[in-house]
Amino acid sequence: TIGTSVKADSSNFAGPYIGITASGYGIEAESTSNTRTTSALDNSYSITSDKIHIGKVAGVVGLEAGYALPLGSAFLIDIGGTYHSGEAKIDHDGGDNGAAAVAFTIDDLVTFYIAPSLVLSDTSSLYIKLGLSEADIGVTGDITTPGNLSGTTWAIGTRTVLDSGIFIRTEAGYTDYNELSAHGGGTTVAGSTSYSTNPTIAFGTVSLGFRF
């Protein structure tokens, strides 16, 4: 009887699913700019560096889809992906040199994940998520456009599934992105400046979906 109950628990979560997500993102980054100034007299140059600590909060909505595969009696492997549409901006005002002001925008966050899950009861499970995240980058100001962001996502969450197949997921985690770097386009004072930042995003997500 005990074995049958455990198997029933696992089957409550197994199979394909889709959902709608709402997330709150906190973006933290330290932006560094290095401006090269060349002397017209002897062609020597000096480099001025500015560092700015940035904190931003943004809310986004999105979609998720995946498949939960039972392993053993009370474990599952959840494989899926999420897409969040929303824009967050990282401004660098150039310190005292306002002409070197630029901004990076982060948009269209996509994460592909794997989440080992532990079944706690007929309706509840606990999981740890590991994912690969990517985001589109846009820029404003006299600056080249860098490649898209990529990083690693870690999260922990719970998933509650009703007999009807409707589920609620709550999750908290963070994404550590690779360095974002670019240089001035060469048409203004900002053209002699290089920029770099290492954004980290902490988030909380609530999902409402359906398991087929």
# chains A, B, ... in the order shown; residues from 1 in each chain; ligands from 1
>>> residues_around(residues="Ile18 (chain A)", least_positions_apart="4", cutoff="12 Å", atoms="only C-alpha atoms", output="PyMOL selection string")
chain A and resi 62-68+79-83+165-169+207-212
>>> atom_distance(atom1="CA of Thr205 (chain A)", atom2="CA of Thr105 (chain A)")
21.1 Å
>>> select_by_dssp(residues="region 54-182 of chain A", states="strand (DSSP E)", output="count of residues only")
99
>>> closest_residue(among="A:Ala115, A:Ala14, A:Gly26, A:Thr140", to="Ser73 (chain A)", atoms="only C-alpha atoms")
A:Ala14
>>> closest_residue(among="A:Tyr195, A:Phe112, A:Trp154, A:Phe104", to="Tyr127 (chain A)", atoms="only C-alpha atoms")
A:Trp154
>>> closest_residue(among="A:Thr111, A:Ser117, A:Ser181, A:Thr152", to="Leu71 (chain A)", atoms="only C-alpha atoms")
A:Ser117
>>> residues_around(residues="Phe75 (chain A)", least_positions_apart="6", cutoff="10 Å", atoms="only C-alpha atoms", output="compact mmCIF listing (two decimals) with C-alpha atoms, in the first residue's frame")
# COMPACT_ATOMS: atom_id res chain seq x y z
CA VAL A 6 4.35 6.82 -3.45
CA LYS A 7 3.96 5.92 -7.12
CA ASP A 9 2.46 10.87 -5.77
CA SER A 10 5.04 10.81 -8.55
CA PHE A 13 3.53 15.63 -11.33
CA ALA A 68 8.47 16.17 -15.74
CA LEU A 69 9.90 12.65 -15.99
CA PRO A 116 15.59 17.50 -9.91
CA SER A 117 12.39 17.32 -7.84
CA LEU A 118 11.42 15.57 -4.61
CA VAL A 119 7.77 14.62 -4.11
CA LEU A 120 6.63 15.70 -0.64
CA SER A 125 7.04 18.87 -4.54
CA LEU A 126 10.34 20.63 -3.87
CA TYR A 127 12.98 21.20 -6.54
>>> atom_distance(atom1="CA of Asp108 (chain A)", atom2="CA of Asp78 (chain A)")
22.5 Å
